[in-house]
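Novice: Okay, so here is final23.csv, and as you'll see once you scroll down, it has CSV, C-alpha atoms and all ligand atoms.
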chain,number,residue,atom,x,y,z
M,27,MET,CA,61.1,35.2,-57.5
M,28,THR,CA,63.2,34.2,-60.5
M,29,VAL,CA,62.8,36.6,-63.4
M,30,ALA,CA,62.6,34.9,-66.8
M,31,LEU,CA,61.9,37.9,-69.0
M,32,GLU,CA,62.6,41.5,-68.4
M,33,ILE,CA,61.3,44.1,-70.9
M,34,SER,CA,62.6,47.5,-70.2
M,35,LYS,CA,61.7,50.8,-71.8
M,36,ILE,CA,60.9,49.4,-75.2
M,37,PHE,CA,60.0,51.9,-77.9
M,38,LYS,CA,59.4,50.8,-81.5
M,39,ARG,CA,59.0,53.2,-84.4
M,40,PHE,CA,58.7,52.0,-88.0
M,41,GLU,CA,60.3,54.6,-90.3
M,42,ARG,CA,58.8,54.7,-93.7
M,43,PRO,CA,60.5,56.7,-96.4
M,44,GLY,CA,58.2,59.5,-97.7
M,45,ARG,CA,55.4,58.5,-95.3
M,46,PRO,CA,54.7,59.2,-91.6
M,47,THR,CA,56.6,57.2,-89.1
M,48,ILE,CA,54.5,54.6,-87.2
M,49,GLU,CA,55.0,54.7,-83.5
M,50,ALA,CA,54.1,51.1,-82.6
M,51,LEU,CA,55.3,50.7,-79.0
M,52,LYS,CA,55.9,53.3,-76.4
M,53,ASP,CA,57.8,52.7,-73.1
M,54,ILE,CA,56.9,49.0,-72.5
M,55,ASN,CA,58.1,47.7,-69.2
M,56,LEU,CA,57.2,44.2,-68.1
M,57,THR,CA,58.8,41.6,-65.8
M,58,VAL,CA,57.7,38.0,-66.3
M,59,ARG,CA,58.7,35.5,-63.7
M,60,GLN,CA,59.9,32.0,-64.4
M,61,GLY,CA,57.0,29.6,-65.0
M,62,GLU,CA,54.5,32.5,-65.3
M,63,PHE,CA,51.8,32.5,-68.0
M,64,VAL,CA,51.2,36.0,-69.2
M,65,SER,CA,48.8,37.1,-72.0
M,66,ILE,CA,48.8,40.3,-73.9
M,67,VAL,CA,45.5,41.6,-75.2
M,68,GLY,CA,44.6,44.9,-76.9
M,69,ALA,CA,43.0,46.4,-79.9
M,70,SER,CA,44.2,45.5,-83.4
M,71,GLY,CA,47.3,47.4,-84.4
M,72,SER,CA,48.3,48.1,-80.8
M,73,GLY,CA,51.8,46.5,-81.3
M,74,LYS,CA,51.3,43.1,-79.6
M,75,SER,CA,52.9,41.1,-82.4
M,76,THR,CA,55.7,43.7,-82.8
M,77,LEU,CA,56.5,43.2,-79.1
M,78,LEU,CA,56.6,39.4,-79.5
M,79,ARG,CA,58.9,39.7,-82.5
M,80,ILE,CA,61.2,42.0,-80.5
M,81,ILE,CA,61.2,39.5,-77.6
M,82,ASP,CA,62.1,36.7,-80.1
M,83,GLY,CA,64.8,38.9,-81.6
M,84,LEU,CA,63.3,38.9,-85.1
M,85,THR,CA,62.7,42.7,-85.0
M,86,PRO,CA,65.0,45.2,-83.3
M,87,ALA,CA,63.5,47.7,-80.9
M,88,SER,CA,64.1,51.4,-81.6
M,89,SER,CA,65.3,51.7,-78.0
M,90,GLY,CA,65.1,49.8,-74.7
M,91,THR,CA,66.3,46.3,-73.7
M,92,ILE,CA,64.9,42.8,-73.4
M,93,SER,CA,66.7,40.2,-71.4
M,94,VAL,CA,66.0,36.5,-71.0
M,95,ASN,CA,67.4,35.0,-67.8
M,96,GLY,CA,69.6,38.1,-67.5
M,97,THR,CA,71.0,37.9,-71.0
M,98,PRO,CA,70.2,40.7,-73.4
M,99,VAL,CA,68.3,39.6,-76.5
M,100,THR,CA,69.9,40.6,-79.8
M,101,ARG,CA,68.7,37.8,-82.1
M,102,PRO,CA,66.6,34.7,-82.0
M,103,GLY,CA,68.0,32.1,-79.7
M,104,LYS,CA,67.5,28.6,-78.3
M,105,ASP,CA,66.1,30.0,-75.1
M,106,ARG,CA,62.9,31.2,-76.9
M,107,ALA,CA,60.5,29.5,-79.3
M,108,VAL,CA,57.6,31.0,-81.2
M,109,VAL,CA,54.3,29.5,-82.4
M,110,PHE,CA,52.4,31.7,-84.9
M,111,GLN,CA,48.8,31.7,-86.0
M,112,GLN,CA,49.5,30.0,-89.3
M,113,ASP,CA,51.3,26.7,-88.8
M,114,SER,CA,54.8,26.7,-90.2
M,115,LEU,CA,55.2,23.0,-90.7
M,116,LEU,CA,57.4,21.6,-93.5
M,117,PRO,CA,54.8,19.9,-95.8
M,118,TRP,CA,57.3,17.3,-97.0
M,119,LYS,CA,58.2,16.1,-93.5
M,120,THR,CA,56.2,13.8,-91.3
M,121,VAL,CA,55.0,14.8,-87.8
M,122,ILE,CA,58.0,13.3,-86.1
M,123,GLU,CA,60.4,14.8,-88.5
M,124,ASN,CA,58.7,18.2,-88.1
M,125,VAL,CA,58.9,18.0,-84.3
M,126,ALA,CA,62.5,16.9,-84.4
M,127,TYR,CA,63.5,19.5,-87.0
M,128,GLY,CA,64.7,22.2,-84.6
M,129,LEU,CA,66.7,19.6,-82.8
M,130,ALA,CA,68.4,18.6,-86.0
M,131,ILE,CA,69.3,22.2,-86.7
M,132,ASN,CA,70.7,22.4,-83.2
M,133,GLY,CA,73.0,19.4,-84.0
M,134,VAL,CA,71.3,16.9,-81.7
M,135,LYS,CA,72.1,13.3,-82.6
M,136,ARG,CA,69.4,11.2,-84.3
M,137,LYS,CA,68.6,8.8,-81.5
M,138,GLU,CA,68.3,11.6,-79.0
M,139,ARG,CA,66.2,13.6,-81.5
M,140,GLU,CA,63.7,10.8,-81.9
M,141,LYS,CA,63.4,10.2,-78.2
M,142,THR,CA,62.7,13.9,-77.5
M,143,ALA,CA,60.4,14.2,-80.4
M,144,ARG,CA,58.4,11.1,-79.3
M,145,HIS,CA,58.1,12.6,-75.8
M,146,PHE,CA,56.6,15.8,-77.1
M,147,ILE,CA,54.4,13.9,-79.5
M,148,ASP,CA,53.0,12.1,-76.5
M,149,VAL,CA,52.7,15.3,-74.4
M,150,SER,CA,50.8,16.9,-77.3
M,151,GLY,CA,48.4,14.0,-77.8
M,152,LEU,CA,49.7,13.1,-81.2
M,153,GLN,CA,50.4,9.4,-80.6
M,154,GLY,CA,49.6,7.4,-83.7
M,155,PHE,CA,50.2,10.3,-86.1
M,156,GLU,CA,54.0,10.3,-86.0
M,157,HIS,CA,54.3,9.3,-89.7
M,158,HIS,CA,51.5,11.4,-91.0
M,159,TYR,CA,52.2,14.4,-93.2
M,160,PRO,CA,50.8,17.9,-92.3
M,161,HIS,CA,48.1,17.8,-95.1
M,162,GLN,CA,46.7,14.6,-93.5
M,163,LEU,CA,46.0,16.5,-90.2
M,164,SER,CA,43.3,18.8,-89.1
M,165,GLY,CA,44.1,22.4,-88.3
M,166,GLY,CA,44.0,21.7,-84.5
M,167,MET,CA,46.4,18.8,-84.9
M,168,ARG,CA,48.8,20.9,-87.0
M,169,GLN,CA,48.9,23.5,-84.2
M,170,ARG,CA,49.7,20.7,-81.7
M,171,VAL,CA,52.6,19.7,-83.9
M,172,ASN,CA,53.7,23.3,-83.9
M,173,VAL,CA,53.5,23.5,-80.1
M,174,ALA,CA,55.3,20.1,-79.9
M,175,ARG,CA,58.1,21.4,-82.2
M,176,ALA,CA,58.5,24.6,-80.2
M,177,LEU,CA,58.7,22.6,-76.9
M,178,ALA,CA,61.1,20.0,-78.3
M,179,VAL,CA,64.0,22.5,-78.5
M,180,SER,CA,63.6,23.0,-74.8
M,181,PRO,CA,63.1,26.8,-74.7
M,182,ASP,CA,62.9,28.7,-71.5
M,183,ILE,CA,60.2,30.9,-72.9
M,184,LEU,CA,57.4,29.9,-75.2
M,185,LEU,CA,56.1,32.8,-77.3
M,186,LEU,CA,52.6,32.2,-78.7
M,187,ASP,CA,51.2,34.7,-81.3
M,188,GLU,CA,47.4,33.9,-81.6
M,189,PRO,CA,48.2,30.2,-82.0
M,190,PHE,CA,44.5,29.1,-82.0
M,191,ALA,CA,43.0,32.0,-83.9
M,192,ALA,CA,42.5,30.0,-87.1
M,193,LEU,CA,40.7,27.2,-85.3
M,194,ASP,CA,37.0,26.8,-84.8
M,195,ALA,CA,35.5,27.6,-81.4
M,196,GLN,CA,35.3,24.0,-80.1
M,197,THR,CA,38.8,23.0,-81.2
M,198,ARG,CA,40.1,26.2,-79.7
M,199,GLU,CA,38.7,25.4,-76.3
M,200,VAL,CA,40.1,21.9,-76.5
M,201,MET,CA,43.5,23.4,-77.4
M,202,GLN,CA,43.3,25.8,-74.5
M,203,THR,CA,42.9,23.0,-72.0
M,204,GLU,CA,45.6,21.0,-73.7
M,205,LEU,CA,48.0,24.0,-73.5
M,206,LEU,CA,47.2,24.4,-69.8
M,207,ARG,CA,48.0,20.7,-69.2
M,208,ILE,CA,51.2,20.9,-71.1
M,209,TRP,CA,52.2,24.2,-69.4
M,210,GLU,CA,51.5,22.6,-66.0
M,211,GLU,CA,53.6,19.5,-66.9
M,212,GLU,CA,56.5,21.4,-68.6
M,213,LYS,CA,56.6,24.4,-66.3
M,214,LYS,CA,57.5,26.8,-69.1
M,215,THR,CA,57.3,30.6,-69.0
M,216,VAL,CA,54.7,31.6,-71.6
M,217,VAL,CA,53.8,34.9,-73.3
M,218,LEU,CA,50.6,34.6,-75.3
M,219,ILE,CA,49.1,37.1,-77.6
M,220,THR,CA,45.4,36.7,-78.2
M,221,HIS,CA,42.3,38.5,-79.3
M,222,GLN,CA,40.1,36.2,-77.2
M,223,ILE,CA,39.7,37.7,-73.8
M,224,ASP,CA,38.2,34.6,-72.3
M,225,GLU,CA,41.2,32.6,-73.6
M,226,ALA,CA,43.6,35.1,-71.9
M,227,VAL,CA,41.8,34.9,-68.6
M,228,PHE,CA,41.4,31.2,-68.7
M,229,LEU,CA,45.0,30.5,-69.3
M,230,SER,CA,46.9,33.2,-67.6
M,231,ASP,CA,48.4,34.2,-64.3
M,232,ARG,CA,48.4,37.8,-65.5
M,233,VAL,CA,46.7,39.6,-68.4
M,234,VAL,CA,48.4,42.7,-69.8
M,235,VAL,CA,46.1,45.1,-71.6
M,236,PHE,CA,47.6,47.3,-74.3
M,237,SER,CA,46.4,50.8,-75.2
M,238,ALA,CA,45.6,51.8,-78.7
M,239,ARG,CA,48.6,52.7,-80.9
M,240,PRO,CA,51.2,53.5,-79.8
M,241,GLY,CA,51.0,50.4,-77.7
M,242,GLN,CA,51.5,51.1,-74.0
M,243,ILE,CA,50.5,49.0,-71.0
M,244,ARG,CA,47.1,50.2,-70.0
M,245,GLU,CA,46.6,47.8,-67.1
M,246,GLU,CA,48.0,44.5,-65.7
M,247,ILE,CA,45.5,42.2,-64.1
M,248,GLU,CA,46.4,39.3,-61.9
M,249,ILE,CA,44.1,36.4,-62.6
M,250,ASP,CA,43.3,35.0,-59.2
M,251,LEU,CA,41.5,31.8,-60.2
M,252,PRO,CA,42.4,28.5,-58.7
M,253,ARG,CA,44.5,26.0,-60.6
M,254,PRO,CA,44.3,23.5,-62.2
M,255,ARG,CA,41.6,25.1,-64.2
M,256,ASP,CA,39.0,23.4,-66.4
M,257,LEU,CA,36.5,24.8,-68.8
M,258,GLU,CA,33.9,25.0,-66.0
M,259,VAL,CA,35.7,28.0,-64.6
M,260,LYS,CA,34.5,30.0,-67.6
M,261,ARG,CA,31.0,30.0,-66.1
M,262,SER,CA,32.1,31.3,-62.7
M,263,ALA,CA,31.3,34.8,-61.5
M,264,PRO,CA,34.9,35.9,-61.0
M,265,PHE,CA,35.9,34.7,-64.5
M,266,VAL,CA,33.0,36.6,-66.0
M,267,ALA,CA,34.0,39.7,-64.0
M,268,TYR,CA,37.6,39.5,-65.3
M,269,VAL,CA,36.4,39.2,-68.9
M,270,ASP,CA,34.0,42.0,-68.5
M,271,HIS,CA,36.6,44.3,-67.0
M,272,ILE,CA,39.2,43.6,-69.7
M,273,TRP,CA,36.5,43.9,-72.4
M,274,LYS,CA,35.6,47.4,-71.2
M,275,LEU,CA,39.2,48.5,-71.1
M,276,ILE,CA,39.8,47.3,-74.7
M,277,GLU,CA,36.5,48.9,-75.9
M,278,GLN,CA,37.6,52.2,-74.5
M,279,GLU,CA,40.9,51.9,-76.3
M,280,VAL,CA,39.2,50.9,-79.6
M,281,ARG,CA,37.0,54.0,-79.3
M,282,LEU,CA,40.0,56.2,-78.6
M,283,GLY,CA,41.9,54.7,-81.5
M,284,MET,CA,39.0,55.5,-83.8
M,285,LYS,CA,39.1,59.2,-82.8
M,286,SER,CA,42.8,59.6,-83.4
F,1,LIG,N1,57.2,46.0,-90.7
F,1,LIG,C1,56.4,47.0,-90.5
F,1,LIG,N2,56.5,48.2,-91.1
F,1,LIG,C2,55.7,49.2,-90.9
F,1,LIG,N3,54.7,49.2,-90.0
F,1,LIG,C3,54.5,48.0,-89.3
F,1,LIG,C4,55.4,46.9,-89.5
F,1,LIG,N4,55.0,45.9,-88.6
F,1,LIG,C5,53.9,46.4,-87.9
F,1,LIG,N5,53.7,47.7,-88.3
F,1,LIG,C6,52.6,48.6,-87.8
F,1,LIG,O1,52.8,48.7,-86.4
F,1,LIG,C7,51.5,48.7,-85.7
F,1,LIG,C8,51.5,47.5,-84.7
F,1,LIG,O2,51.4,46.3,-85.5
F,1,LIG,P1,51.2,44.9,-84.8
F,1,LIG,O3,51.1,43.9,-85.8
F,1,LIG,O4,52.4,44.7,-83.8
F,1,LIG,O5,49.9,45.1,-83.9
F,1,LIG,P2,49.0,43.9,-83.3
F,1,LIG,O6,48.5,44.5,-82.0
F,1,LIG,O7,49.7,42.7,-83.2
F,1,LIG,O8,47.8,43.9,-84.3
F,1,LIG,P3,46.8,42.6,-84.6
F,1,LIG,O9,46.1,42.4,-83.2
F,1,LIG,O10,45.9,43.2,-85.6
F,1,LIG,O11,47.6,41.5,-85.0
F,1,LIG,C9,50.5,48.6,-86.8
F,1,LIG,O12,50.1,49.9,-87.1
F,1,LIG,C10,51.2,48.0,-88.0
F,1,LIG,O13,50.7,48.4,-89.2
What is this file in structure tokens?
Specialist:
Amino acid sequence: MTVALEISKIFKRFERPGRPTIEALKDINLTVRQGEFVSIVGASGSGKSTLLRIIDGLTPASSGTISVNGTPVTRPGKDRAVVFQQDSLLPWKTVIENVAYGLAINGVKRKEREKTARHFIDVSGLQGFEHHYPHQLSGGMRQRVNVARALAVSPDILLLDEPFAALDAQTREVMQTELLRIWEEEKKTVVLITHQIDEAVFLSDRVVVFSARPGQIREEIEIDLPRPRDLEVKRSAPFVAYVDHIWKLIEQEVRLGMKS
């Protein structure tokens, strides 16, 4: 097994002058293998986004280490790319310019940039929209552009923070199958945060359930459903059993969180 991401003894406290310190994460340990699709689910405020930001190097941990392919993370780097819930496209740039943007920052030559951007536009099903501006696209298409842009810089790890949360239910399901197809083609390591338990089970090799704050790993569940998967699998008994199990874990955590 090749390890892509090693999260070791991560603690995160937010010190707030004159106010109680928030203990967001407590002793998180997680190993993600290369090409694995891992989702993190848990009650609101359990530290999921904080962990993703620490992995990306946007937020420092209070203690503990993160390493990507054996190299400790100290800041954002080319080996990781994030997609957030809200699209972060540049409104004055076209689809192709947005997808190529990270490559331009990385100093990739124009011809090469265009070639790579076109590849990921194709992969993301955006053919014909290369010269559209973000405001001319639907929410689902804008998120495709975000995913294409993240993939274009060729990261080893794709970090997805509720990327489909703002989409309607049908578009979200389409995007889930698209993401699976892209993941199977590009063979990336993915860490996804989601509130949608069925989304986590459908997409993942493993689902990590966080406890209520401070976030700790309550349980890791291997999702033993055959691949490639299509939406039909959501109606199968094993799928429903996984969702039910995870739902109960989170429900317990939400209740515990309400008491504390
Ligand atoms: N910059 C910050 N300063 C102070 N507290 C913070 C900061 N960022 C996050 N927190 C707190 O840390 C805790 C964990 O937040 P985080 O956003 O990581 O949780 P989450 O599980 O992603 O929540 P949600 O599912 O609602 O997005 C919360 O109590 C939050 O208020």
Novice: Each residue of chain M lying at most 10 Å from ligand LIG 1 (chain F) should get a row with its shortest atom-to-atom pair and the distance in Å to one decimal, counting all atoms listed in the file; could you produce that, ordered by chain and increasing number, as JSON lines?
Specialist:
{"residue": "M:Lys38", "atom": "CA", "partner": "F:LIG1", "partner_atom": "O1", "distance": 8.5}
{"residue": "M:Arg39", "atom": "CA", "partner": "F:LIG1", "partner_atom": "O1", "distance": 7.9}
{"residue": "M:Phe40", "atom": "CA", "partner": "F:LIG1", "partner_atom": "C2", "distance": 5.0}
{"residue": "M:Glu41", "atom": "CA", "partner": "F:LIG1", "partner_atom": "C2", "distance": 7.1}
{"residue": "M:Arg42", "atom": "CA", "partner": "F:LIG1", "partner_atom": "C2", "distance": 6.9}
{"residue": "M:Thr47", "atom": "CA", "partner": "F:LIG1", "partner_atom": "C2", "distance": 8.2}
{"residue": "M:Ile48", "atom": "CA", "partner": "F:LIG1", "partner_atom": "N3", "distance": 6.1}
{"residue": "M:Glu49", "atom": "CA", "partner": "F:LIG1", "partner_atom": "O1", "distance": 7.0}
{"residue": "M:Ala50", "atom": "CA", "partner": "F:LIG1", "partner_atom": "O1", "distance": 4.7}
{"residue": "M:Leu51", "atom": "CA", "partner": "F:LIG1", "partner_atom": "C8", "distance": 7.6}
{"residue": "M:Ile66", "atom": "CA", "partner": "F:LIG1", "partner_atom": "O6", "distance": 9.1}
{"residue": "M:Val67", "atom": "CA", "partner": "F:LIG1", "partner_atom": "O6", "distance": 8.0}
{"residue": "M:Gly68", "atom": "CA", "partner": "F:LIG1", "partner_atom": "O6", "distance": 6.4}
{"residue": "M:Ala69", "atom": "CA", "partner": "F:LIG1", "partner_atom": "O9", "distance": 6.0}
{"residue": "M:Ser70", "atom": "CA", "partner": "F:LIG1", "partner_atom": "O10", "distance": 3.6}
{"residue": "M:Gly71", "atom": "CA", "partner": "F:LIG1", "partner_atom": "O5", "distance": 3.5}
{"residue": "M:Ser72", "atom": "CA", "partner": "F:LIG1", "partner_atom": "O6", "distance": 3.8}
{"residue": "M:Gly73", "atom": "CA", "partner": "F:LIG1", "partner_atom": "O4", "distance": 3.1}
{"residue": "M:Lys74", "atom": "CA", "partner": "F:LIG1", "partner_atom": "O6", "distance": 3.9}
{"residue": "M:Ser75", "atom": "CA", "partner": "F:LIG1", "partner_atom": "O7", "distance": 3.7}
{"residue": "M:Thr76", "atom": "CA", "partner": "F:LIG1", "partner_atom": "O4", "distance": 3.6}
{"residue": "M:Leu77", "atom": "CA", "partner": "F:LIG1", "partner_atom": "O4", "distance": 6.4}
{"residue": "M:Leu78", "atom": "CA", "partner": "F:LIG1", "partner_atom": "O4", "distance": 8.0}
{"residue": "M:Arg79", "atom": "CA", "partner": "F:LIG1", "partner_atom": "O4", "distance": 8.3}
{"residue": "M:Ile80", "atom": "CA", "partner": "F:LIG1", "partner_atom": "O4", "distance": 9.8}
{"residue": "M:Thr85", "atom": "CA", "partner": "F:LIG1", "partner_atom": "N1", "distance": 8.6}
{"residue": "M:Gln111", "atom": "CA", "partner": "F:LIG1", "partner_atom": "O11", "distance": 9.9}
{"residue": "M:Asp187", "atom": "CA", "partner": "F:LIG1", "partner_atom": "O7", "distance": 8.4}
{"residue": "M:Glu188", "atom": "CA", "partner": "F:LIG1", "partner_atom": "O11", "distance": 8.3}
{"residue": "M:Ile219", "atom": "CA", "partner": "F:LIG1", "partner_atom": "O7", "distance": 7.9}
{"residue": "M:Thr220", "atom": "CA", "partner": "F:LIG1", "partner_atom": "O9", "distance": 7.6}
{"residue": "M:His221", "atom": "CA", "partner": "F:LIG1", "partner_atom": "O9", "distance": 6.7}
{"residue": "M:Phe236", "atom": "CA", "partner": "F:LIG1", "partner_atom": "O6", "distance": 8.2}
{"residue": "M:Ser237", "atom": "CA", "partner": "F:LIG1", "partner_atom": "O6", "distance": 9.5}
{"residue": "M:Ala238", "atom": "CA", "partner": "F:LIG1", "partner_atom": "O6", "distance": 8.5}
{"residue": "M:Arg239", "atom": "CA", "partner": "F:LIG1", "partner_atom": "C7", "distance": 6.9}
{"residue": "M:Pro240", "atom": "CA", "partner": "F:LIG1", "partner_atom": "C7", "distance": 7.6}
{"residue": "M:Gly241", "atom": "CA", "partner": "F:LIG1", "partner_atom": "C8", "distance": 7.6}
Novice: What is the distance, in Å and to one decimal place, between atom CA of Ala87 of chain M and atom CA of Glu277 of chain M?
Specialist: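 Separation between atom CA of Ala87 of chain M and atom CA of Glu277 of chain M: 27.5 Å.
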Novice: Which of these residues is nearest to Glu32 of chain M, using only C-alpha atoms: M:Gly96, M:Gly83, M:Gly103, M:Gly61?
Specialist: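 Nearest to Glu32 of chain M: M:Gly96.
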Novice: So that I can check the surroundings of segment 136-153 of chain M, please list as a ChimeraX atom specification every protein, DNA and RNA residue that reaches within 9 Å of it, counting only C-alpha atoms and ignoring chain neighbours fewer than 2 positions away.
Specialist: /M:121-127,129-130,133-134,155-156,167,170-171,173-175,177-179,204-205,207-208,211
Novice: What is the distance, in Å and to one decimal place, between atom CA of Asp231 of chain M and atom CA of His271 of chain M?
Specialist: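 Separation between atom CA of Asp231 of chain M and atom CA of His271 of chain M: 15.8 Å.
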Novice: Let me make sure I understand: among M:Leu251, M:Ile54, M:Ile243, M:Ile183, which one has the smallest atom-to-atom distance to Ser230 of chain M if we use all atoms listed in the file?
Specialist: M:Leu251
Novice: Counting all atoms listed in the file, which of M:Thr100, M:Thr28, M:Gln278, M:Ser65 gets nearest to Leu218 of chain M?
Specialist: M:Ser65
Novice: In Å, how far is it from atom CA of Ala107 of chain M to atom CA of Val64 of chain M?
Specialist: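 For atom CA of Ala107 of chain M relative to atom CA of Val64 of chain M, the distance reads 15.2 Å.
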Novice: Around all of segment 130-137 of chain M's listed atoms, make the axis-aligned box with 4 Å on each side and tell me centre and edge lengths in Å to one decimal, as JSON.
Specialist:
{"center_x": 70.7, "center_y": 15.6, "center_z": -84.1, "size_x": 12.6, "size_y": 21.6, "size_z": 13.2}
Novice: Let me make sure I understand: among M:Thr215, M:Ser89, M:Gln196, M:Asn172, which one has the smallest atom-to-atom distance to Asp53 of chain M if we use only C-alpha atoms?
Specialist: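 Smallest separation from Asp53 of chain M among the options: M:Ser89.
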Novice: Contacts of Trp273 of chain M at 10 Å or less, counting only C-alpha atoms, minus same-chain residues fewer than 6 places along, as an NGL selection string?
Specialist: :M and (67-68 or 222-224 or 235 or 267 or 279)
Novice: Those selected residues, please, written with C-alpha atoms and delivered as a PDB file, keeping the file's coordinate frame.
Specialist:
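To be explicit, this is the file written out as again_34.pdb:
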ATOM      1  CA  VAL M  67      45.500  41.600 -75.200  1.00  0.00           C
ATOM      2  CA  GLY M  68      44.600  44.900 -76.900  1.00  0.00           C
ATOM      3  CA  GLN M 222      40.100  36.200 -77.200  1.00  0.00           C
ATOM      4  CA  ILE M 223      39.700  37.700 -73.800  1.00  0.00           C
ATOM      5  CA  ASP M 224      38.200  34.600 -72.300  1.00  0.00           C
ATOM      6  CA  VAL M 235      46.100  45.100 -71.600  1.00  0.00           C
ATOM      7  CA  ALA M 267      34.000  39.700 -64.000  1.00  0.00           C
ATOM      8  CA  GLU M 279      40.900  51.900 -76.300  1.00  0.00           C
TER       9      GLU M 279
END
Novice: Considering all atoms listed in the file, state which residue in the set M:Asn132, M:Ser164, M:Gln60, M:Thr203 is at the smallest distance from Ser180 of chain M.
Specialist: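 The shortest atom-to-atom distance to Ser180 of chain M comes from M:Asn132.
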Novice: Counting only C-alpha atoms, which residue out of M:Leu229, M:Val234, M:Val280, M:Ala176 sits closest to Phe110 of chain M?
Specialist: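 Using only C-alpha atoms, Phe110 of chain M sits closest to M:Ala176.
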